[in-house]
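Structure file coords.txt (compact mmCIF, C-alpha atoms and all ligand atoms) is printed below.
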```txt
# COMPACT_ATOMS: atom_id res chain seq x y z
CA MET G 29 -110.92 -90.84 -9.77
CA ARG G 30 -110.37 -87.89 -7.39
CA VAL G 31 -107.28 -88.60 -5.30
CA GLY G 32 -106.24 -86.50 -2.29
CA LEU G 33 -102.65 -86.07 -1.11
CA LEU G 34 -101.16 -84.75 2.12
CA THR G 35 -97.80 -84.58 3.89
CA GLY G 36 -97.82 -84.75 7.71
CA GLY G 37 -95.34 -84.52 10.61
CA GLY G 38 -91.83 -83.09 10.32
CA ASP G 39 -90.74 -82.22 6.78
CA VAL G 40 -87.90 -84.10 5.07
CA PRO G 41 -85.93 -83.61 1.86
CA GLY G 42 -87.48 -85.78 -0.86
CA LEU G 43 -91.14 -85.00 -0.11
CA ASN G 44 -91.47 -82.88 -3.24
CA ALA G 45 -90.02 -85.70 -5.33
CA ALA G 46 -92.78 -87.97 -3.98
CA ILE G 47 -95.51 -85.36 -4.55
CA ARG G 48 -94.26 -84.82 -8.09
CA ALA G 49 -94.30 -88.55 -8.81
CA VAL G 50 -97.82 -88.95 -7.39
CA VAL G 51 -99.15 -86.07 -9.51
CA LYS G 52 -97.34 -87.07 -12.73
CA ARG G 53 -98.35 -90.70 -12.50
CA GLY G 54 -101.85 -89.99 -11.21
CA GLU G 55 -102.75 -87.30 -13.72
CA GLY G 56 -100.69 -88.59 -16.63
CA GLU G 57 -100.86 -92.37 -16.66
CA HIS G 58 -104.17 -92.89 -14.84
CA GLY G 59 -106.09 -89.72 -15.68
CA HIS G 60 -106.96 -89.00 -12.03
CA SER G 61 -107.84 -85.58 -10.77
CA MET G 62 -105.33 -84.80 -8.00
CA VAL G 63 -106.14 -82.63 -4.99
CA GLY G 64 -103.72 -81.47 -2.28
CA PHE G 65 -104.50 -80.73 1.37
CA ARG G 66 -102.34 -78.04 2.94
CA ASN G 67 -100.51 -78.61 6.23
CA GLY G 68 -101.20 -82.30 6.72
CA TRP G 69 -104.23 -83.65 8.55
CA ARG G 70 -104.99 -80.13 9.79
CA GLY G 71 -105.71 -78.96 6.25
CA LEU G 72 -107.85 -82.01 5.62
CA ALA G 73 -109.86 -81.34 8.78
CA ASP G 74 -110.20 -77.63 7.88
CA GLY G 75 -110.99 -78.20 4.19
CA ASP G 76 -107.82 -76.37 3.14
CA VAL G 77 -107.61 -77.67 -0.42
CA MET G 78 -105.42 -76.85 -3.42
CA PRO G 79 -105.46 -78.27 -6.92
CA LEU G 80 -102.43 -80.34 -7.86
CA THR G 81 -101.60 -80.28 -11.54
CA ARG G 82 -98.39 -80.51 -13.53
CA SER G 83 -97.90 -76.76 -13.22
CA HIS G 84 -97.73 -77.06 -9.40
CA ILE G 85 -94.88 -79.58 -9.52
CA ARG G 86 -92.66 -77.92 -12.09
CA ASN G 87 -89.01 -77.64 -10.90
CA VAL G 88 -89.70 -79.10 -7.45
CA LEU G 89 -87.62 -82.28 -7.75
CA PRO G 90 -84.39 -80.84 -6.28
CA THR G 91 -86.10 -78.77 -3.59
CA GLY G 92 -86.36 -79.48 0.15
CA GLY G 93 -89.45 -79.06 2.32
CA THR G 94 -92.95 -79.82 1.10
CA LEU G 95 -94.90 -77.71 -1.35
CA LEU G 96 -98.10 -78.81 0.44
CA GLY G 97 -96.92 -77.62 3.86
CA THR G 98 -97.10 -79.85 6.91
CA ALA G 99 -98.13 -79.88 10.56
CA ARG G 100 -98.13 -82.14 13.56
CA TYR G 101 -101.87 -82.68 13.96
CA HIS G 102 -103.52 -86.05 14.61
CA PRO G 103 -107.29 -86.01 13.86
CA HIS G 104 -108.04 -89.13 15.94
CA ALA G 105 -106.56 -87.39 18.98
CA GLU G 106 -108.59 -84.16 18.57
CA ASP G 107 -112.22 -83.55 19.51
CA GLY G 108 -114.24 -83.75 16.30
CA GLY G 109 -111.07 -84.30 14.26
CA MET G 110 -112.17 -87.52 12.57
CA ASP G 111 -115.63 -86.15 11.73
CA ALA G 112 -114.05 -83.07 10.19
CA VAL G 113 -111.70 -85.19 8.06
CA LEU G 114 -114.54 -87.41 6.82
CA ALA G 115 -116.73 -84.38 6.07
CA THR G 116 -114.01 -82.76 3.94
CA LEU G 117 -113.39 -85.99 2.05
CA GLU G 118 -117.08 -86.21 1.25
CA ALA G 119 -117.45 -82.54 0.33
CA GLU G 120 -114.43 -82.75 -1.99
CA ARG G 121 -115.61 -86.10 -3.42
CA ILE G 122 -112.25 -87.70 -2.65
CA GLU G 123 -112.25 -91.40 -3.51
CA ALA G 124 -108.78 -92.25 -2.30
CA LEU G 125 -106.15 -90.57 -0.13
CA ILE G 126 -102.37 -90.79 -0.25
CA CYS G 127 -100.67 -89.76 3.00
CA ILE G 128 -96.94 -89.19 3.27
CA GLY G 129 -95.67 -89.24 6.84
CA GLY G 130 -93.85 -90.78 9.78
CA ASP G 131 -95.17 -92.67 12.80
CA GLY G 132 -97.79 -90.06 13.84
CA THR G 133 -99.19 -89.57 10.33
CA LEU G 134 -99.24 -93.31 9.66
CA HIS G 135 -101.08 -93.96 12.90
CA ALA G 136 -103.67 -91.37 11.90
CA ALA G 137 -103.84 -92.94 8.42
CA SER G 138 -104.64 -96.35 9.88
CA LYS G 139 -107.47 -94.82 11.95
CA VAL G 140 -108.93 -93.03 8.93
CA ALA G 141 -108.64 -96.24 6.88
CA GLU G 142 -110.57 -98.06 9.64
CA ALA G 143 -113.34 -95.50 9.12
CA GLY G 144 -113.70 -96.80 5.54
CA VAL G 145 -111.49 -94.42 3.55
CA ARG G 146 -109.27 -95.88 0.81
CA ILE G 147 -105.76 -94.96 1.92
CA VAL G 148 -102.25 -95.68 0.73
CA ALA G 149 -99.39 -94.32 2.84
CA ILE G 150 -95.79 -93.45 2.00
CA PRO G 151 -93.15 -93.51 4.78
CA LYS G 152 -90.93 -90.49 5.37
CA THR G 153 -88.78 -89.55 8.32
CA ILE G 154 -85.17 -88.59 8.69
CA ASP G 155 -85.18 -90.83 11.79
CA ASN G 156 -85.68 -93.94 9.56
CA ASP G 157 -87.67 -95.58 12.35
CA VAL G 158 -90.86 -96.48 10.44
CA TRP G 159 -91.52 -100.17 10.90
CA GLY G 160 -91.89 -102.39 7.83
CA THR G 161 -89.58 -100.54 5.41
CA ASP G 162 -85.81 -100.69 5.09
CA ARG G 163 -85.73 -96.99 4.38
CA SER G 164 -87.91 -93.90 4.65
CA ILE G 165 -87.71 -90.75 2.52
CA GLY G 166 -85.35 -88.18 4.04
CA PHE G 167 -83.00 -90.48 5.92
CA ASP G 168 -80.27 -90.55 3.29
CA THR G 169 -80.10 -86.75 3.09
CA ALA G 170 -79.98 -86.42 6.88
CA VAL G 171 -77.13 -88.95 7.12
CA THR G 172 -75.25 -87.13 4.36
CA ILE G 173 -75.58 -83.81 6.21
CA ALA G 174 -74.66 -85.34 9.59
CA THR G 175 -71.64 -87.12 8.10
CA GLU G 176 -70.39 -83.90 6.56
CA ALA G 177 -70.80 -82.22 9.95
CA VAL G 178 -68.79 -84.97 11.69
CA ASP G 179 -66.06 -84.66 9.04
CA ARG G 180 -65.86 -80.92 9.60
CA ILE G 181 -65.84 -81.30 13.37
CA HIS G 182 -62.98 -83.79 13.06
CA THR G 183 -60.49 -81.21 11.87
CA THR G 184 -61.30 -78.64 14.52
CA ALA G 185 -61.42 -81.32 17.27
CA GLU G 186 -57.93 -82.45 16.32
CA SER G 187 -56.52 -78.91 16.06
CA HIS G 188 -57.78 -77.98 19.53
CA ASN G 189 -57.34 -81.34 21.26
CA ARG G 190 -60.98 -81.36 22.27
CA VAL G 191 -63.79 -83.74 23.01
CA MET G 192 -66.52 -82.82 20.55
CA ILE G 193 -70.09 -83.97 21.05
CA VAL G 194 -72.38 -83.92 18.03
CA GLU G 195 -76.08 -84.28 18.81
CA VAL G 196 -78.18 -85.58 15.93
CA MET G 197 -81.93 -86.24 15.65
CA GLY G 198 -83.52 -89.59 16.45
CA ARG G 199 -85.91 -89.66 19.36
CA HIS G 200 -86.76 -93.37 19.44
CA ALA G 201 -83.99 -94.79 17.26
CA GLY G 202 -80.36 -93.97 16.59
CA TRP G 203 -80.19 -94.55 12.83
CA ILE G 204 -78.67 -91.16 12.02
CA ALA G 205 -76.25 -91.43 14.95
CA ALA G 206 -75.08 -94.96 14.07
CA THR G 207 -74.67 -94.38 10.34
CA SER G 208 -73.14 -90.88 10.45
CA GLY G 209 -70.94 -92.05 13.34
CA ILE G 210 -69.60 -94.95 11.29
CA ALA G 211 -69.31 -92.91 8.09
CA GLY G 212 -67.65 -89.99 9.87
CA GLY G 213 -65.36 -92.12 12.05
CA ALA G 214 -66.72 -91.04 15.44
CA GLU G 215 -65.07 -92.60 18.48
CA LEU G 216 -68.37 -93.24 20.23
CA VAL G 217 -72.02 -93.50 19.14
CA LEU G 218 -74.72 -93.19 21.80
CA ALA G 219 -78.20 -94.26 20.74
CA PRO G 220 -81.59 -94.79 22.43
CA GLU G 221 -81.36 -98.53 21.74
CA GLU G 222 -78.50 -99.02 24.21
CA PRO G 223 -78.64 -96.76 27.27
CA PHE G 224 -75.07 -95.75 28.13
CA ASP G 225 -72.97 -95.94 31.27
CA ILE G 226 -71.27 -92.57 31.83
CA ASP G 227 -68.50 -94.20 33.88
CA ARG G 228 -67.58 -96.36 30.88
CA VAL G 229 -67.64 -93.33 28.58
CA VAL G 230 -65.29 -91.47 30.94
CA LYS G 231 -62.99 -94.49 31.21
CA PHE G 232 -62.93 -94.87 27.43
CA LEU G 233 -62.03 -91.20 26.89
CA ARG G 234 -59.31 -91.21 29.54
CA HIS G 235 -57.74 -94.33 28.08
CA ARG G 236 -57.92 -93.04 24.50
CA HIS G 237 -56.46 -89.63 25.40
CA ARG G 238 -53.63 -91.30 27.38
CA ALA G 239 -52.79 -93.97 24.83
CA HIS G 240 -53.78 -92.92 21.30
CA ALA G 241 -55.06 -89.43 20.69
CA SER G 242 -55.76 -86.04 22.16
CA PHE G 243 -59.23 -85.55 20.70
CA SER G 244 -62.48 -87.52 20.48
CA ILE G 245 -65.79 -87.25 18.70
CA ILE G 246 -69.00 -88.56 20.23
CA VAL G 247 -72.16 -88.70 18.12
CA VAL G 248 -75.21 -88.81 20.37
CA ALA G 249 -78.81 -89.28 19.24
CA GLU G 250 -81.23 -86.83 20.88
CA GLY G 251 -83.12 -89.81 22.37
CA ALA G 252 -80.07 -91.42 24.01
CA VAL G 253 -80.31 -91.85 27.78
CA PRO G 254 -78.04 -93.00 30.59
CA ALA G 255 -78.71 -96.56 31.75
CA GLU G 256 -80.79 -96.91 34.90
CA GLY G 257 -78.78 -97.25 38.06
CA THR G 258 -75.71 -95.57 36.53
CA SER G 259 -74.21 -92.40 37.91
CA MET G 260 -75.74 -89.69 35.70
CA ASP G 261 -79.11 -88.08 36.37
CA TYR G 262 -81.05 -87.16 33.28
CA GLU G 263 -84.70 -86.99 32.40
CA THR G 264 -85.77 -86.71 28.75
CA ARG G 265 -87.95 -83.65 28.15
CA LEU G 266 -90.68 -84.03 25.52
CA GLY G 267 -92.84 -81.60 23.57
CA PRO G 268 -96.59 -82.14 22.98
CA PHE G 269 -96.04 -84.58 20.08
CA GLY G 270 -93.25 -86.56 21.71
CA GLU G 271 -90.54 -84.44 20.08
CA ILE G 272 -87.45 -84.10 22.23
CA VAL G 273 -86.12 -80.75 23.43
CA ALA G 274 -83.18 -80.22 21.08
CA GLY G 275 -79.76 -80.07 22.69
CA ALA G 276 -80.84 -81.49 26.04
CA ILE G 277 -78.79 -84.69 26.06
CA GLY G 278 -75.86 -83.19 24.13
CA GLU G 279 -75.47 -80.25 26.54
CA ARG G 280 -75.96 -82.44 29.61
CA LEU G 281 -73.40 -84.97 28.39
CA GLY G 282 -70.93 -82.23 27.53
CA ALA G 283 -71.18 -80.71 31.00
CA GLU G 284 -70.83 -84.11 32.67
CA LEU G 285 -67.79 -85.17 30.62
CA SER G 286 -66.06 -81.85 30.99
CA GLU G 287 -66.49 -81.97 34.77
CA ARG G 288 -65.44 -85.59 35.15
CA THR G 289 -62.50 -85.68 32.71
CA GLY G 290 -61.28 -82.09 32.69
CA PHE G 291 -60.97 -82.37 28.89
CA ASP G 292 -61.84 -79.30 26.88
CA THR G 293 -65.31 -80.21 25.58
CA ARG G 294 -67.67 -78.61 23.05
CA VAL G 295 -71.19 -79.48 21.94
CA THR G 296 -72.73 -79.08 18.48
CA VAL G 297 -76.48 -79.59 18.10
CA LEU G 298 -77.23 -80.16 14.41
CA GLY G 299 -80.99 -79.71 14.81
CA HIS G 300 -83.16 -78.87 11.83
CA VAL G 301 -80.25 -78.38 9.46
CA GLN G 302 -80.54 -82.18 9.10
CA ARG G 303 -84.03 -81.78 7.67
CA GLY G 304 -83.46 -78.82 5.37
CA GLY G 305 -82.27 -78.22 1.86
CA THR G 306 -81.87 -80.22 -1.27
CA PRO G 307 -82.47 -83.99 -1.18
CA THR G 308 -79.75 -86.45 -2.18
CA PRO G 309 -80.24 -88.40 -5.44
CA SER G 310 -81.09 -91.43 -3.33
CA ASP G 311 -83.98 -89.63 -1.57
CA ARG G 312 -85.25 -88.20 -4.87
CA ILE G 313 -85.27 -91.70 -6.33
CA LEU G 314 -86.94 -93.26 -3.27
CA GLY G 315 -89.59 -90.52 -3.18
CA SER G 316 -90.23 -91.00 -6.90
CA ARG G 317 -90.49 -94.79 -6.60
CA PHE G 318 -92.83 -94.62 -3.59
CA GLY G 319 -94.96 -91.95 -5.32
CA VAL G 320 -95.47 -94.06 -8.44
CA ALA G 321 -96.14 -97.21 -6.39
CA ALA G 322 -98.69 -95.42 -4.17
CA VAL G 323 -100.74 -94.12 -7.11
CA ASP G 324 -100.63 -97.49 -8.83
CA ALA G 325 -101.80 -99.10 -5.59
CA VAL G 326 -104.84 -96.82 -5.05
CA THR G 327 -105.73 -97.20 -8.72
CA ALA G 328 -105.65 -100.98 -8.36
CA GLY G 329 -108.05 -100.71 -5.40
CA SER G 330 -105.57 -101.31 -2.56
CA SER G 331 -106.30 -99.73 0.80
CA ALA G 332 -104.80 -99.56 4.29
CA VAL G 333 -101.33 -100.30 2.90
CA MET G 334 -97.99 -98.51 2.90
CA THR G 335 -95.28 -98.49 0.24
CA ALA G 336 -92.06 -99.97 1.60
CA LEU G 337 -88.53 -100.73 0.49
CA HIS G 338 -87.52 -104.35 1.04
CA GLY G 339 -83.96 -104.79 -0.19
CA ASP G 340 -84.07 -103.24 -3.67
CA ASP G 341 -87.79 -103.81 -4.17
CA VAL G 342 -90.72 -101.50 -3.54
CA VAL G 343 -93.57 -103.53 -2.01
CA LEU G 344 -96.83 -102.87 -0.17
CA VAL G 345 -97.21 -103.71 3.54
CA ASP G 346 -100.31 -103.58 5.76
CA LEU G 347 -100.71 -100.25 7.51
CA ALA G 348 -102.13 -101.98 10.59
CA GLU G 349 -98.84 -103.91 10.93
CA VAL G 350 -96.81 -100.71 10.80
CA ALA G 351 -98.76 -98.18 12.87
CA GLY G 352 -97.59 -97.75 16.44
CA LYS G 353 -94.32 -99.68 16.00
CA ILE G 354 -90.76 -98.35 15.90
CA LYS G 355 -87.93 -99.85 13.86
CA GLN G 356 -84.81 -99.64 15.99
CA VAL G 357 -81.18 -99.97 14.97
CA PRO G 358 -80.08 -103.61 15.11
CA ALA G 359 -77.36 -104.52 17.60
CA ASP G 360 -74.96 -105.57 14.84
CA LEU G 361 -74.95 -102.08 13.29
CA LEU G 362 -74.33 -100.47 16.69
CA GLY G 363 -71.68 -103.15 17.16
CA VAL G 364 -69.84 -101.95 14.05
CA ALA G 365 -69.81 -98.42 15.43
CA ALA G 366 -68.46 -99.73 18.75
CA ALA G 367 -65.88 -101.97 17.06
CA LEU G 368 -64.38 -98.97 15.28
CA ALA G 369 -63.97 -96.84 18.43
O1 LIG B 1 -89.55 -87.00 13.60
C1 LIG B 1 -88.45 -86.38 13.08
C2 LIG B 1 -87.83 -85.43 14.03
O2 LIG B 1 -86.84 -84.87 13.27
C3 LIG B 1 -87.31 -86.00 15.36
O3 LIG B 1 -86.06 -86.60 15.31
C4 LIG B 1 -87.30 -84.78 16.24
O4 LIG B 1 -87.44 -85.15 17.60
C5 LIG B 1 -88.47 -84.03 15.77
O5 LIG B 1 -88.70 -84.38 14.42
C6 LIG B 1 -88.34 -82.52 15.87
O6 LIG B 1 -89.57 -81.97 15.61
P1 LIG B 1 -89.93 -80.45 15.37
O7 LIG B 1 -89.69 -80.15 13.93
O8 LIG B 1 -91.35 -80.36 15.72
O9 LIG B 1 -89.00 -79.65 16.24
```
Let me see the file written as structure tokens.
Amino acid sequence: MRVGLLTGGGDVPGLNAAIRAVVKRGEGEHGHSMVGFRNGWRGLADGDVMPLTRSHIRNVLPTGGTLLGTARYHPHAEDGGMDAVLATLEAERIEALICIGGDGTLHAASKVAEAGVRIVAIPKTIDNDVWGTDRSIGFDTAVTIATEAVDRIHTTAESHNRVMIVEVMGRHAGWIAATSGIAGGAELVLAPEEPFDIDRVVKFLRHRHRAHASFSIIVVAEGAVPAEGTSMDYETRLGPFGEIVAGAIGERLGAELSERTGFDTRVTVLGHVQRGGTPTPSDRILGSRFGVAAVDAVTAGSSAVMTALHGDDVVLVDLAEVAGKIKQVPADLLGVAAALA
């Protein structure tokens, strides 16, 4: 069988582990001929093909990024995009396609599957907000990096008696904020799931700095917003694919808190450092497990499904159930962060 593979959307550490697993299992165990498309759906639409053999995946397991390249391009949203994708698949005689991506890529995958293409998807996003799976590739590495950053900021916050704001990624969901906040011992976690009241934040800081400490750390997800009707004006600014302008909420919050409390305040925007570099063992293992499961699934004739982690088990879920939904942080996890303030 000729099997195509692409990675779409923002890169994450652990993608190369998944690509390696797909190629090893596909070529080795099943005898498939594996074909890569460069730069996500764009490469598929443009016919930008590369062979994928064992020599292409040598030594990639510990590396970040994606050896296939990636792009934010959604064929169903572009004029002629779907036709171009279907034409390439036919010209390259691709019988099944494995797509590794987050919400945008998975949505596109469900549209292409509806057009009759055999597709198995693999979830990746540092934001961990893909519906239907407990975890997505890349999340563990991002949390590890963000936690280390919070640990490092702790010592300088304490030395200088400062309020330190750490902005992490997470446009629709605050998974990185909640988990790195708990793991790093932040005083406050602000996430998109629970719009915040700036007056309560100010009150909390004043009380803490009077009664217990002379420094505070706030971890804020880039998608966090003030609650409607509260006393802070802020409008989220989005890029063309719904990505949030980095630093916007962190800087705005820093200015507001500094003005209202008079506390010496600094802002750190972690940005793409959360998505770069070597994957943790956990992300390498998850990528490897999803890669093997995806190839086994296409070989068995499955289509329009996504590999998912449920507890400790890798399972298949319907792509149509997943596409277009966001998995938000449950209130009890945010409650743990709040309880440890
Ligand atoms: O989807 C993952 C993500 O990291 C978001 O948290 C963030 O808003 C976005 O990607 C940033 O995208 P870009 O790499 O296009 O700046």
(request) Could you please extract the residues within 9 Å of ligand LIG 1 (chain B), counting only C-alpha atoms and all ligand atoms, and hand them back as a PyMOL selection string? (result) chain G and resi 37-40+99-100+130-132+153-157+196-201+249-251+266-267+269-274+299-300+302-303
(message) With distances taken over all atoms listed in the file, which residue among G:Ala276, G:Met29, G:Ala332, G:Leu361 lies nearest Glu142 (chain G)?
(response)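 Among G:Ala276, G:Met29, G:Ala332, G:Leu361, it is G:Ala332 that comes nearest to Glu142 (chain G).
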(message) Using all atoms listed in the file, list the residues that have an atom at most 6 Å from (-87.0, -86.0, -6.4), coordinates as in the file, as a list in words.
(response)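 Every polymer residue passing the test: Gly42, Ala45, Leu89, Pro90, Arg312, Ile313 and Ser316 of chain G.
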(message) Report, in Å with one decimal, the straight-line distance from CA of Ala214 (chain G) to CA of Ile245 (chain G).
(response)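 Interatomic distance here is 5.1 Å.
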(request) Between CA of Asn189 (chain G) and CA of Ser242 (chain G), measure the distance and give it in Å to one decimal. (result)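 Going from CA of Asn189 (chain G) over to CA of Ser242 (chain G), I get 5.0 Å.
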(message) Considering all atoms listed in the file, can you say which of G:Gly257, G:Gly329, G:Gly71, G:Gly212 comes closest to Thr175 (chain G)?
(response)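 Smallest distance to Thr175 (chain G) is found for G:Gly212.
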Pull out region 181-214 of chain G, keep C-alpha atoms, and write it as an mmCIF file, in the first residue's frame.
```
data_model
loop_
_atom_site.group_PDB
_atom_site.id
_atom_site.type_symbol
_atom_site.label_atom_id
_atom_site.label_comp_id
_atom_site.auth_asym_id
_atom_site.auth_seq_id
_atom_site.Cartn_x
_atom_site.Cartn_y
_atom_site.Cartn_z
ATOM 1 C CA ILE G 181 11.621 33.005 37.865
ATOM 2 C CA HIS G 182 10.913 32.075 41.489
ATOM 3 C CA THR G 183 14.426 32.804 42.659
ATOM 4 C CA THR G 184 14.713 36.166 40.939
ATOM 5 C CA ALA G 185 11.168 37.158 42.022
ATOM 6 C CA GLU G 186 12.075 36.471 45.639
ATOM 7 C CA SER G 187 15.438 38.259 45.463
ATOM 8 C CA HIS G 188 13.873 41.423 44.039
ATOM 9 C CA ASN G 189 10.538 41.330 45.879
ATOM 10 C CA ARG G 190 8.663 41.473 42.603
ATOM 11 C CA VAL G 191 5.417 40.396 41.040
ATOM 12 C CA MET G 192 6.420 38.229 38.096
ATOM 13 C CA ILE G 193 3.973 37.404 35.335
ATOM 14 C CA VAL G 194 4.769 34.427 33.134
ATOM 15 C CA GLU G 195 2.722 34.199 29.934
ATOM 16 C CA VAL G 196 2.480 30.709 28.466
ATOM 17 C CA MET G 197 0.750 29.431 25.316
ATOM 18 C CA GLY G 198 -2.823 28.159 25.265
ATOM 19 C CA ARG G 199 -5.285 30.137 23.209
ATOM 20 C CA HIS G 200 -8.478 28.222 23.967
ATOM 21 C CA ALA G 201 -7.422 26.205 27.009
ATOM 22 C CA GLY G 202 -5.112 26.740 29.960
ATOM 23 C CA TRP G 203 -3.517 23.285 30.227
ATOM 24 C CA ILE G 204 0.067 24.551 30.195
ATOM 25 C CA ALA G 205 -0.799 27.376 32.603
ATOM 26 C CA ALA G 206 -2.616 25.123 35.088
ATOM 27 C CA THR G 207 -0.058 22.316 35.106
ATOM 28 C CA SER G 208 3.129 24.423 35.066
ATOM 29 C CA GLY G 209 1.512 26.725 37.645
ATOM 30 C CA ILE G 210 0.852 23.814 39.990
ATOM 31 C CA ALA G 211 4.208 22.149 39.315
ATOM 32 C CA GLY G 212 6.124 25.424 39.684
ATOM 33 C CA GLY G 213 4.176 26.669 42.708
ATOM 34 C CA ALA G 214 2.729 29.816 41.142
#
```
